[in-house]
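Visitor: Input file: data09.cif. Contents: mmCIF, C-alpha atoms and all ligand atoms.
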data_protein
loop_
_atom_site.label_atom_id
_atom_site.label_comp_id
_atom_site.auth_asym_id
_atom_site.auth_seq_id
_atom_site.Cartn_x
_atom_site.Cartn_y
_atom_site.Cartn_z
CA MET J 1 12.73 19.41 30.84
CA THR J 2 10.16 16.94 29.50
CA ASP J 3 9.42 16.86 25.79
CA ASP J 4 5.66 16.53 25.36
CA ARG J 5 5.74 16.66 21.56
CA ARG J 6 4.27 13.63 19.79
CA SER J 7 7.09 11.50 18.39
CA ILE J 8 6.76 10.56 14.72
CA THR J 9 8.58 8.42 12.16
CA VAL J 10 7.86 8.42 8.42
CA LEU J 11 9.12 5.38 6.49
CA GLY J 12 9.20 6.17 2.77
CA SER J 13 8.94 9.91 3.44
CA THR J 14 10.11 10.87 -0.07
CA GLY J 15 7.30 9.00 -1.86
CA SER J 16 3.80 10.08 -2.75
CA VAL J 17 2.15 9.10 0.57
CA GLY J 18 5.27 9.86 2.64
CA ALA J 19 5.74 13.36 1.23
CA LYS J 20 2.07 14.16 1.79
CA THR J 21 2.46 12.99 5.39
CA VAL J 22 5.47 15.29 5.81
CA THR J 23 3.50 18.21 4.33
CA ILE J 24 0.69 17.59 6.84
CA LEU J 25 3.22 17.50 9.70
CA GLU J 26 4.67 20.81 8.46
CA GLU J 27 1.22 22.39 8.22
CA ARG J 28 0.55 21.32 11.81
CA GLY J 29 3.59 23.07 13.24
CA GLY J 30 6.48 20.85 12.14
CA ALA J 31 9.30 20.46 14.65
CA ALA J 32 7.56 22.74 17.14
CA THR J 33 4.67 20.28 17.43
CA PHE J 34 6.33 16.95 16.60
CA ASN J 35 9.53 15.24 17.63
CA VAL J 36 10.44 13.65 14.29
CA VAL J 37 12.47 10.57 15.12
CA ALA J 38 13.24 9.12 11.69
CA LEU J 39 12.65 9.89 8.03
CA THR J 40 13.59 7.28 5.46
CA GLY J 41 13.81 7.33 1.69
CA GLY J 42 15.45 5.69 -1.29
CA ARG J 43 17.11 7.62 -4.11
CA ASN J 44 15.41 11.00 -3.77
CA ILE J 45 18.14 12.42 -1.55
CA GLU J 46 17.36 16.07 -2.25
CA ARG J 47 13.81 15.64 -0.95
CA LEU J 48 14.91 13.52 2.03
CA ALA J 49 17.45 16.17 3.07
CA GLU J 50 14.93 19.00 2.68
CA GLN J 51 12.41 17.11 4.83
CA ALA J 52 15.03 16.31 7.49
CA ILE J 53 16.02 19.98 7.70
CA SER J 54 12.44 21.21 7.76
CA LEU J 55 11.32 18.76 10.48
CA LYS J 56 14.67 18.66 12.36
CA ALA J 57 14.63 14.86 12.19
CA ASP J 58 16.84 12.92 14.63
CA ILE J 59 17.93 10.57 11.83
CA ALA J 60 17.56 10.44 8.03
CA VAL J 61 18.16 7.10 6.33
CA THR J 62 18.49 6.24 2.67
CA ALA J 63 17.94 2.59 1.76
CA TYR J 64 20.93 2.74 -0.61
CA SER J 65 24.51 2.94 0.67
CA GLU J 66 25.64 4.51 -2.63
CA CYS J 67 23.46 7.53 -1.74
CA HIS J 68 25.00 7.95 1.74
CA ALA J 69 27.68 10.51 0.77
CA GLU J 70 25.18 12.81 -0.95
CA LEU J 71 22.84 12.69 2.04
CA GLN J 72 25.77 13.35 4.39
CA GLU J 73 26.87 16.32 2.31
CA ARG J 74 23.38 17.83 2.17
CA LEU J 75 22.96 17.47 5.96
CA LYS J 76 26.51 18.41 6.98
CA ASN J 77 25.40 21.54 8.87
CA GLU J 78 22.49 19.84 10.64
CA THR J 79 22.15 17.86 13.84
CA THR J 80 20.35 15.08 11.93
CA GLU J 81 22.20 11.77 12.04
CA VAL J 82 22.74 10.18 8.61
CA ALA J 83 22.61 6.45 7.85
CA SER J 84 22.14 4.14 4.89
CA GLY J 85 21.32 0.56 3.96
CA SER J 86 18.59 -1.86 4.92
CA GLU J 87 20.00 -2.62 8.41
CA ALA J 88 20.14 1.07 9.29
CA LEU J 89 16.65 1.55 7.94
CA ALA J 90 15.28 -1.26 10.11
CA GLU J 91 17.17 0.10 13.14
CA ALA J 92 15.67 3.56 12.61
CA ALA J 93 12.19 2.04 12.20
CA GLY J 94 12.66 0.30 15.55
CA ARG J 95 13.43 3.52 17.45
CA PRO J 96 10.53 4.37 19.78
CA ALA J 97 7.91 6.66 18.24
CA ASP J 98 4.27 7.32 19.15
CA TRP J 99 3.11 7.24 15.52
CA THR J 100 4.73 5.84 12.40
CA MET J 101 3.73 6.11 8.77
CA SER J 102 4.69 2.95 6.89
CA ALA J 103 4.84 4.16 3.28
CA ILE J 104 7.74 2.32 1.66
CA VAL J 105 6.61 0.78 -1.61
CA GLY J 106 6.62 -3.01 -2.05
CA PHE J 107 8.03 -5.97 -0.12
CA ALA J 108 10.93 -3.74 1.00
CA GLY J 109 8.51 -2.22 3.52
CA LEU J 110 7.99 -5.50 5.39
CA VAL J 111 11.08 -5.65 7.63
CA PRO J 112 11.03 -1.96 8.69
CA GLY J 113 7.28 -2.29 9.30
CA LEU J 114 7.81 -5.34 11.52
CA ARG J 115 10.53 -3.54 13.50
CA CYS J 116 8.09 -0.73 14.10
CA LEU J 117 5.32 -3.09 15.18
CA GLU J 118 7.66 -4.96 17.54
CA ARG J 119 8.29 -1.80 19.55
CA GLY J 120 4.61 -0.79 19.73
CA GLY J 121 2.91 2.56 19.19
CA ALA J 122 0.52 3.36 16.38
CA MET J 123 1.42 2.42 12.81
CA ALA J 124 -0.39 3.99 9.88
CA LEU J 125 -0.11 1.35 7.18
CA ALA J 126 0.08 2.39 3.54
CA ASN J 127 2.49 -0.44 2.63
CA LYS J 128 -0.19 -2.97 1.67
CA GLU J 129 2.39 -5.39 0.24
CA SER J 130 3.57 -6.31 3.74
CA LEU J 131 0.04 -7.39 4.69
CA VAL J 132 -0.40 -9.33 1.45
CA ALA J 133 2.93 -11.14 1.75
CA ALA J 134 2.95 -11.63 5.52
CA GLY J 135 -0.50 -10.81 6.89
CA ARG J 136 -0.49 -13.26 9.80
CA LEU J 137 3.06 -12.28 10.80
CA VAL J 138 2.24 -8.57 10.67
CA THR J 139 -0.99 -8.80 12.66
CA SER J 140 0.43 -11.24 15.23
CA THR J 141 3.48 -9.00 15.73
CA ALA J 142 1.14 -6.06 16.37
CA ASN J 143 -1.00 -8.11 18.74
CA ARG J 144 2.05 -9.22 20.74
CA SER J 145 3.39 -5.71 21.34
CA GLY J 146 0.00 -3.99 21.52
CA ALA J 147 0.85 -1.85 18.47
CA ILE J 148 -2.17 -0.29 16.77
CA LEU J 149 -2.52 -0.77 13.02
CA LEU J 150 -4.32 2.08 11.29
CA PRO J 151 -5.11 1.54 7.61
CA VAL J 152 -4.10 4.29 5.18
CA ASP J 153 -5.14 2.76 1.88
CA SER J 154 -8.18 4.92 1.11
CA GLU J 155 -10.55 1.95 0.77
CA HIS J 156 -9.36 0.39 4.03
CA SER J 157 -9.42 3.68 5.87
CA ALA J 158 -13.01 4.03 4.62
CA MET J 159 -13.80 0.49 5.75
CA PHE J 160 -12.17 1.11 9.15
CA GLN J 161 -14.35 4.20 9.57
CA LEU J 162 -17.48 2.33 8.48
CA LEU J 163 -16.77 -0.58 10.81
CA ALA J 164 -16.59 1.57 13.95
CA ASN J 165 -19.61 0.65 16.09
CA VAL J 166 -20.66 -2.19 13.77
CA LYS J 167 -21.10 -5.73 15.13
CA PRO J 168 -19.03 -8.16 13.00
CA GLN J 169 -21.82 -10.78 13.05
CA GLU J 170 -24.19 -8.30 11.34
CA ILE J 171 -21.93 -7.90 8.28
CA GLU J 172 -22.77 -9.72 5.07
CA SER J 173 -20.22 -8.17 2.71
CA LEU J 174 -17.35 -5.68 2.47
CA ILE J 175 -17.12 -4.01 -0.92
CA LEU J 176 -14.04 -2.20 -2.14
CA THR J 177 -14.39 0.15 -5.07
CA ALA J 178 -11.91 0.45 -7.93
CA SER J 179 -11.62 3.22 -10.47
CA GLY J 180 -11.09 0.51 -13.10
CA GLY J 181 -7.93 2.29 -14.23
CA PRO J 182 -7.36 4.16 -17.50
CA PHE J 183 -7.92 1.12 -19.77
CA ARG J 184 -11.22 -0.30 -18.62
CA HIS J 185 -12.69 0.08 -22.12
CA LEU J 186 -9.76 -1.46 -24.04
CA THR J 187 -9.91 -4.90 -25.64
CA THR J 188 -7.41 -7.60 -24.65
CA GLY J 189 -5.54 -6.95 -27.90
CA GLU J 190 -5.31 -3.24 -27.15
CA LEU J 191 -4.30 -3.92 -23.54
CA ALA J 192 -1.33 -5.99 -24.71
CA LYS J 193 0.11 -2.86 -26.37
CA VAL J 194 -0.14 -0.56 -23.34
CA THR J 195 3.24 1.00 -22.41
CA PRO J 196 4.56 1.64 -18.87
CA LYS J 197 4.22 5.39 -19.44
CA GLN J 198 0.54 5.05 -20.37
CA ALA J 199 -0.10 2.65 -17.50
CA ALA J 200 1.46 5.00 -14.92
CA ARG J 201 -1.17 7.70 -15.63
CA HIS J 202 -4.05 7.14 -13.22
CA PRO J 203 -7.41 8.68 -14.15
CA THR J 204 -8.52 9.82 -10.66
CA TRP J 205 -5.65 9.50 -8.13
CA ASN J 206 -2.18 11.06 -8.12
CA MET J 207 0.07 8.28 -6.77
CA GLY J 208 3.49 6.65 -7.05
CA MET J 209 4.36 4.91 -10.32
CA ARG J 210 4.11 1.31 -9.13
CA ILE J 211 0.70 1.61 -7.48
CA SER J 212 -0.58 3.52 -10.54
CA ILE J 213 0.41 0.64 -12.82
CA ASP J 214 -1.02 -1.85 -10.31
CA SER J 215 -4.28 0.08 -10.52
CA ALA J 216 -4.30 -0.15 -14.31
CA THR J 217 -3.94 -3.96 -14.15
CA MET J 218 -6.34 -4.23 -11.17
CA PHE J 219 -3.50 -5.85 -9.20
CA ASN J 220 -3.86 -3.01 -6.75
CA LYS J 221 -7.45 -4.08 -6.06
CA ALA J 222 -6.32 -7.68 -5.79
CA LEU J 223 -3.75 -6.67 -3.15
CA GLU J 224 -6.46 -4.70 -1.39
CA MET J 225 -8.85 -7.68 -1.23
CA ILE J 226 -6.14 -9.65 0.58
CA GLU J 227 -5.32 -6.63 2.73
CA ALA J 228 -9.01 -6.35 3.75
CA HIS J 229 -9.08 -10.04 4.63
CA GLU J 230 -5.99 -9.67 6.84
CA LEU J 231 -6.98 -6.38 8.48
CA PHE J 232 -10.63 -7.05 9.18
CA GLU J 233 -10.59 -10.87 9.35
CA THR J 234 -13.34 -10.90 6.72
CA PRO J 235 -13.99 -14.27 5.05
CA ALA J 236 -12.80 -14.29 1.44
CA ASP J 237 -16.27 -14.87 -0.03
CA SER J 238 -17.65 -11.80 1.77
CA ILE J 239 -15.16 -9.43 0.07
CA GLY J 240 -16.41 -7.88 -3.16
CA VAL J 241 -15.15 -5.34 -5.69
CA LEU J 242 -17.15 -2.81 -7.69
CA VAL J 243 -15.72 -0.65 -10.44
CA HIS J 244 -16.63 2.96 -9.71
CA PRO J 245 -14.92 5.27 -12.20
CA GLN J 246 -15.44 8.49 -10.19
CA SER J 247 -13.58 7.10 -7.11
CA ILE J 248 -15.84 9.02 -4.73
CA VAL J 249 -17.29 6.07 -2.81
CA HIS J 250 -14.27 4.20 -1.40
CA ALA J 251 -15.92 1.29 0.40
CA LEU J 252 -19.32 -0.11 1.34
CA ILE J 253 -20.59 -2.51 4.00
CA GLY J 254 -23.61 -4.68 3.35
CA PHE J 255 -25.58 -5.94 6.37
CA HIS J 256 -27.69 -9.07 6.78
CA ASP J 257 -30.80 -6.89 6.93
CA GLY J 258 -30.17 -5.81 3.33
CA GLN J 259 -29.02 -2.27 4.20
CA MET J 260 -25.67 -0.72 3.23
CA LEU J 261 -23.31 1.96 4.50
CA ALA J 262 -20.97 3.75 2.10
CA HIS J 263 -17.98 6.03 2.69
CA MET J 264 -17.37 9.01 0.40
CA SER J 265 -14.62 11.60 0.11
CA SER J 266 -12.60 13.38 -2.54
CA THR J 267 -9.69 11.60 -4.25
CA ASP J 268 -6.91 12.90 -2.03
CA MET J 269 -4.81 10.73 0.29
CA ARG J 270 -4.85 13.62 2.78
CA GLY J 271 -8.17 12.27 4.09
CA ALA J 272 -6.88 8.80 4.95
CA ILE J 273 -3.50 10.06 6.23
CA GLU J 274 -5.08 12.64 8.52
CA TYR J 275 -7.67 10.17 9.76
CA ALA J 276 -4.87 7.78 10.79
CA MET J 277 -2.83 10.63 12.29
CA ASN J 278 -5.71 12.04 14.34
CA TRP J 279 -7.41 8.77 15.23
CA PRO J 280 -9.49 8.28 17.36
CA ASN J 281 -10.45 11.92 16.79
CA ARG J 282 -11.40 13.89 13.68
CA LEU J 283 -9.76 17.30 13.34
CA PRO J 284 -10.60 20.12 10.91
CA SER J 285 -8.89 19.52 7.57
CA ARG J 286 -8.15 21.21 4.26
CA LEU J 287 -9.44 18.09 2.49
CA ARG J 288 -11.33 19.19 -0.62
CA ARG J 289 -15.08 19.02 0.04
CA LEU J 290 -17.23 16.92 -2.22
CA ASP J 291 -19.67 18.76 -4.45
CA LEU J 292 -22.11 15.96 -5.17
CA ALA J 293 -24.47 18.18 -7.14
CA ALA J 294 -21.62 19.17 -9.47
CA LEU J 295 -20.64 15.51 -9.80
CA GLY J 296 -24.17 14.70 -10.87
CA LYS J 297 -23.91 10.93 -10.97
CA LEU J 298 -21.95 8.06 -9.51
CA GLU J 299 -21.54 4.91 -11.60
CA PHE J 300 -20.86 1.33 -10.54
CA GLU J 301 -20.19 -1.79 -12.59
CA GLU J 302 -18.93 -5.33 -12.12
CA PRO J 303 -15.19 -5.83 -12.77
CA ASP J 304 -14.33 -7.74 -15.97
CA GLU J 305 -12.12 -10.59 -14.74
CA VAL J 306 -11.44 -11.87 -18.24
CA ARG J 307 -9.56 -8.75 -19.35
CA PHE J 308 -8.35 -8.00 -15.79
CA PRO J 309 -7.79 -11.36 -14.04
CA ALA J 310 -6.00 -9.96 -10.95
CA THR J 311 -9.06 -9.94 -8.65
CA ARG J 312 -9.82 -13.55 -9.61
CA LEU J 313 -6.23 -14.39 -8.66
CA ALA J 314 -6.69 -12.66 -5.29
CA ARG J 315 -9.59 -15.00 -4.49
CA GLU J 316 -7.33 -17.87 -5.50
CA VAL J 317 -4.68 -16.61 -3.06
CA LEU J 318 -7.23 -16.47 -0.25
CA ARG J 319 -8.47 -19.96 -1.13
CA ILE J 320 -4.92 -21.43 -1.16
CA GLY J 321 -3.82 -19.67 2.06
CA GLY J 322 -0.41 -20.51 3.56
CA PHE J 323 2.34 -18.70 1.68
CA ALA J 324 0.14 -17.84 -1.33
CA GLY J 325 0.13 -14.13 -0.46
CA ALA J 326 3.94 -14.01 -0.40
CA ALA J 327 4.15 -15.80 -3.75
CA PHE J 328 1.47 -13.61 -5.28
CA ASN J 329 3.09 -10.38 -4.14
CA GLY J 330 6.62 -11.48 -5.11
CA ALA J 331 5.46 -12.63 -8.56
CA LYS J 332 3.46 -9.44 -9.05
CA GLU J 333 6.45 -7.23 -8.13
CA ALA J 334 8.77 -9.20 -10.42
CA ALA J 335 6.26 -9.05 -13.29
CA LEU J 336 5.96 -5.29 -12.84
CA ASP J 337 9.77 -4.91 -12.86
CA ALA J 338 9.84 -6.93 -16.09
CA PHE J 339 7.08 -4.77 -17.61
CA LEU J 340 9.05 -1.60 -16.77
CA LEU J 341 12.09 -3.11 -18.50
CA GLY J 342 10.03 -4.05 -21.59
CA ASN J 343 10.52 -7.81 -20.98
CA ILE J 344 6.83 -8.60 -20.59
CA ASN J 345 3.72 -6.88 -21.86
CA PHE J 346 0.79 -5.41 -19.94
CA THR J 347 -1.44 -8.50 -20.14
CA GLY J 348 1.56 -10.81 -19.69
CA MET J 349 1.91 -9.62 -16.08
CA SER J 350 -1.26 -11.38 -14.90
CA CYS J 351 -0.46 -14.47 -17.02
CA ALA J 352 2.96 -14.71 -15.32
CA VAL J 353 1.51 -14.29 -11.82
CA ASP J 354 -1.24 -16.82 -12.58
CA GLU J 355 1.26 -19.42 -13.76
CA VAL J 356 3.69 -18.86 -10.87
CA LEU J 357 0.93 -19.01 -8.26
CA ASN J 358 -0.49 -22.21 -9.72
CA SER J 359 2.87 -23.91 -10.19
CA MET J 360 3.95 -23.07 -6.63
CA ALA J 361 0.60 -24.21 -5.22
CA GLY J 362 0.86 -27.36 -7.33
CA ASP J 363 4.30 -28.40 -6.04
CA GLY J 364 3.45 -27.74 -2.40
CA SER J 365 5.70 -24.65 -2.02
CA LEU J 366 2.85 -22.65 -0.47
CA CYS J 367 1.81 -25.06 2.29
CA GLY J 368 2.26 -24.16 5.96
CA GLU J 369 1.66 -21.22 8.24
CA ALA J 370 3.31 -18.01 7.03
CA LEU J 371 4.55 -16.87 10.41
CA GLU J 372 8.33 -16.94 9.95
CA LEU J 373 10.00 -14.02 8.19
CA LYS J 374 12.78 -16.22 6.78
CA GLU J 375 10.29 -18.57 5.16
CA ILE J 376 8.22 -15.71 3.75
CA MET J 377 11.35 -14.14 2.25
CA GLU J 378 12.27 -17.46 0.66
CA VAL J 379 8.83 -17.82 -0.97
CA ASP J 380 9.10 -14.22 -2.20
CA ARG J 381 12.52 -15.00 -3.70
CA LEU J 382 11.34 -18.21 -5.38
CA ALA J 383 8.29 -16.48 -6.87
CA ARG J 384 10.51 -13.81 -8.43
CA ILE J 385 12.79 -16.50 -9.90
CA ARG J 386 9.78 -18.32 -11.37
CA VAL J 387 8.67 -15.11 -13.09
CA GLU J 388 12.16 -14.77 -14.61
CA GLU J 389 11.94 -18.39 -15.78
CA TYR J 390 8.50 -17.74 -17.27
CA ILE J 391 9.88 -14.80 -19.23
CA SER J 392 13.00 -16.68 -20.29
CA ARG J 393 10.68 -19.25 -21.92
CA GLY J 394 9.55 -16.40 -24.20
CA LEU J 395 6.13 -16.11 -22.50
CA GLY J 396 4.18 -12.98 -21.59
CA GLN J 397 5.32 -11.00 -24.61
CA ASP J 398 2.65 -11.76 -27.24
P1 LIG J 401 6.30 5.92 -4.04
O1 LIG J 401 6.97 5.10 -5.07
O2 LIG J 401 5.84 7.28 -4.39
O3 LIG J 401 7.26 6.04 -2.75
C1 LIG J 401 7.84 4.92 -2.18
C2 LIG J 401 8.77 5.27 -1.05
O4 LIG J 401 9.55 4.12 -0.72
C3 LIG J 401 9.78 6.35 -1.39
O5 LIG J 401 10.14 7.04 -0.22
C4 LIG J 401 10.96 5.55 -1.94
O6 LIG J 401 12.17 6.27 -1.91
C5 LIG J 401 10.96 4.41 -0.93
N1 LIG J 401 11.60 3.22 -1.43
C6 LIG J 401 11.60 2.72 -2.69
N2 LIG J 401 12.28 1.57 -2.75
C7 LIG J 401 12.74 1.33 -1.49
C8 LIG J 401 13.54 0.30 -0.92
N3 LIG J 401 14.00 -0.74 -1.64
N4 LIG J 401 13.83 0.38 0.39
C9 LIG J 401 13.37 1.41 1.14
N5 LIG J 401 12.64 2.43 0.65
C10 LIG J 401 12.32 2.39 -0.67
O7 LIG J 401 5.09 5.03 -3.48
P2 LIG J 401 3.68 5.52 -2.92
O8 LIG J 401 3.85 6.61 -1.94
O9 LIG J 401 2.76 5.68 -4.05
O10 LIG J 401 3.22 4.19 -2.18
C11 LIG J 401 3.78 3.81 -0.95
C12 LIG J 401 2.95 2.67 -0.37
O11 LIG J 401 1.65 3.17 -0.12
C13 LIG J 401 2.77 1.50 -1.36
O12 LIG J 401 2.70 0.32 -0.63
C14 LIG J 401 1.41 1.79 -2.00
O13 LIG J 401 0.77 0.62 -2.44
C15 LIG J 401 0.67 2.42 -0.83
N6 LIG J 401 -0.41 3.32 -1.20
C16 LIG J 401 -0.13 4.44 -1.94
C17 LIG J 401 -1.14 5.32 -2.29
C18 LIG J 401 -0.85 6.58 -3.06
O14 LIG J 401 -1.74 7.40 -3.21
N7 LIG J 401 0.34 6.80 -3.56
C19 LIG J 401 -2.53 5.05 -1.91
C20 LIG J 401 -2.69 3.89 -1.09
C21 LIG J 401 -1.66 3.06 -0.75
P3 LIG J 401 12.67 7.22 -3.14
O15 LIG J 401 11.45 7.76 -3.80
O16 LIG J 401 13.50 8.24 -2.42
O17 LIG J 401 13.51 6.36 -4.04
#
Could you write out this structure as structure tokens?
Guide:
Amino acid sequence: MTDDRRSITVLGSTGSVGAKTVTILEERGGAATFNVVALTGGRNIERLAEQAISLKADIAVTAYSECHAELQERLKNETTEVASGSEALAEAAGRPADWTMSAIVGFAGLVPGLRCLERGGAMALANKESLVAAGRLVTSTANRSGAILLPVDSEHSAMFQLLANVKPQEIESLILTASGGPFRHLTTGELAKVTPKQAARHPTWNMGMRISIDSATMFNKALEMIEAHELFETPADSIGVLVHPQSIVHALIGFHDGQMLAHMSSTDMRGAIEYAMNWPNRLPSRLRRLDLAALGKLEFEEPDEVRFPATRLAREVLRIGGFAGAAFNGAKEAALDAFLLGNINFTGMSCAVDEVLNSMAGDGSLCGEALELKEIMEVDRLARIRVEEYISRGLGQD
């Protein structure tokens, strides 16, 4: 008997984007509609097991071998295969599936994402870090296998929707909006005192902890500028950012004739996830409708790159090219880890990334074409070490 269910894999299914994806799959009939090939998570074993049972997944993988026994125990009465560790995760990502959600957080999402792209199918990409660190490798891998990359970041999903039926030569600018985070009115002195707990509270979106803090520093927008460059092949000087505190307009395109198109929707990742899941169609959705009259006004302002230097650094990354994206992402992740541990302060994160990027560019470590995974991983590793060295010199804590 043939199985005509759509086959699905969710990488990072226990996270904010991953769990929302699983909820949408459940709403749309779960295992009766979808053949769920693989679900992967990290330490949230209870949620991973619940999802695997609900969706009757073929395999559930935790990235951590120390969590294997708990996952095994929770799934002992199920047909779901259990595995753990990064090799197993990559193997599961490489199992054939029609549609995959790539929603692991950070550089850890790169290898599983590549495995998925190597085998083809459609990949909904939330894991922006893989595009920042290894954009050329990711897009060339997709081109080789014919895999389709569907952006899930809300701004890039918006851009992808706006770009349909637009001639690239007519575009003057791509503008990403940013909420500006919870601290856009604080002085540099006040910013230096911000704690991880305060930084993890996003004013308009409900997201994972790391992306919430990245939003507060504007590093998230910096990553997104590079992501837009890689996804849409837009020249660096045509990519702009506008702070838009209501987060209703997600992206805008400016044309050479002076006209603009904007994309609007409510602040719920459901919109972007469902768009990628249903593409090239649009299906009815529970997405909260916008009430523009109730909103009353939409505000826009220029980002302040003195207090929030991350977007300036993103332009620097695009100017340097080569392995600059890998260094930038690695340094940014290491600086965030240090901030969470209390080893660097809020403003110190961008100072550390700035210094590491410039020192690596200065000594030639970023030259060359970033097309080899091994080389990209080495630059990522070196950037993290340089952040540790920066901190060990007593910097980033004033
Ligand atoms: P979360 O932190 O909520 O979830 C991350 C997922 O990755 C979890 O399943 C987590 O497992 C898993 N994970 C963590 N570390 C590892 C590792 N070393 N190896 C394998 N898996 C791991 O993140 P988000 O859902 O917020 O974000 C996911 C991606 O989507 C990020 O790249 C983010 O930038 C992007 N994104 C997120 C948006 C959002 O609204 N949240 C919006 C746009 C983009 P566990 O929790 O079980 O430990």
Visitor: With only C-alpha atoms as the counted atoms, please give the residues lying no more than 10 Å from segment 22-31 of chain J, apart from itself and same-chain residues fewer than 4 positions off, as a PyMOL selection string.
Guide: chain J and resi 5-10+13-14+17-18+35-36+39+51-57+101+270+273-274+277+285-286
Visitor: Could you list, as JSON, numbers by chain, all protein and nucleic acid residues with an atom at most 9 Å from ligand LIG 401 (chain J), counting only C-alpha atoms and all ligand atoms?
Guide: {"J": [11, 12, 13, 14, 15, 16, 17, 18, 19, 20, 40, 41, 42, 43, 44, 45, 46, 47, 48, 62, 63, 64, 85, 86, 89, 102, 103, 104, 105, 106, 107, 108, 109, 112, 125, 126, 127, 128, 129, 130, 152, 153, 154, 155, 205, 206, 207, 208, 209, 210, 211, 212, 214, 220, 223, 268, 269, 272]}
Visitor: Taking into account all atoms listed in the file, which residue in the set J:Thr21, J:Ser215, J:Thr347, J:Gln259 is nearest to Gly396 of chain J?
Guide: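 Of J:Thr21, J:Ser215, J:Thr347, J:Gln259, the one nearest Gly396 of chain J, counting all atoms listed in the file, is J:Thr347.
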Visitor: Taking into account all atoms listed in the file, which residue in the set J:Glu190, J:Glu227, J:Glu70, J:Asp304 is nearest to Val317 of chain J?
Guide: J:Glu227
Visitor: Please, what distance in Å, to one decimal, runs between atom CA of Leu287 of chain J and atom CA of Gly121 of chain J?
Guide: 25.9 Å
Visitor: Counting all atoms listed in the file, which of J:Arg184, J:Arg95, J:Glu301, J:Ala38 gets nearest to Ala83 of chain J?
Guide: J:Ala38
Visitor: Using atom CA of Ala158 of chain J and atom CA of Asp98 of chain J as the two end points, give the distance in Å to one decimal.
Guide: 22.8 Å
Visitor: Pick from J:Arg136, J:His256, J:His156, J:His229: nearest to Glu172 of chain J, with all atoms listed in the file counted?
Guide: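 Closest to Glu172 of chain J, using all atoms listed in the file: J:His256.
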Visitor: I want to know what sits within 12 Å of Phe219 of chain J, based on only C-alpha atoms, with residues of the same chain fewer than 4 positions away left out; could you give that as JSON, numbers by chain?
Guide: {"J": [128, 129, 132, 178, 180, 181, 210, 211, 212, 213, 214, 215, 223, 224, 225, 226, 305, 308, 309, 310, 311, 312, 313, 314, 315, 328, 329, 331, 332, 333, 335, 336, 346, 347, 349, 350, 353, 354]}
Visitor: Interatomic distance between atom CA of Ser359 of chain J and atom CA of Pro196 of chain J?
Guide: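 A separation of 27.0 Å between them.
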Visitor: When you count all atoms listed in the file, which of these residues is closest to Ala338 of chain J: J:Glu369, J:Glu355, J:Glu378, J:Glu388?
Guide: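 Under the stated criterion, the closest residue is J:Glu388.
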Visitor: Which is closer to Met360 of chain J than all the others in J:Ile320, J:Leu395, J:Leu149, J:Leu176, using all atoms listed in the file?
Guide: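 For Met360 of chain J, the nearest of the given residues is J:Ile320.
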Visitor: Give me the residues within 9 Å of Arg381 of chain J as number ranges by chain, counting all atoms listed in the file and dropping any in the same chain fewer than 5 places off.
Guide: J: 327, 330-331, 376, 386
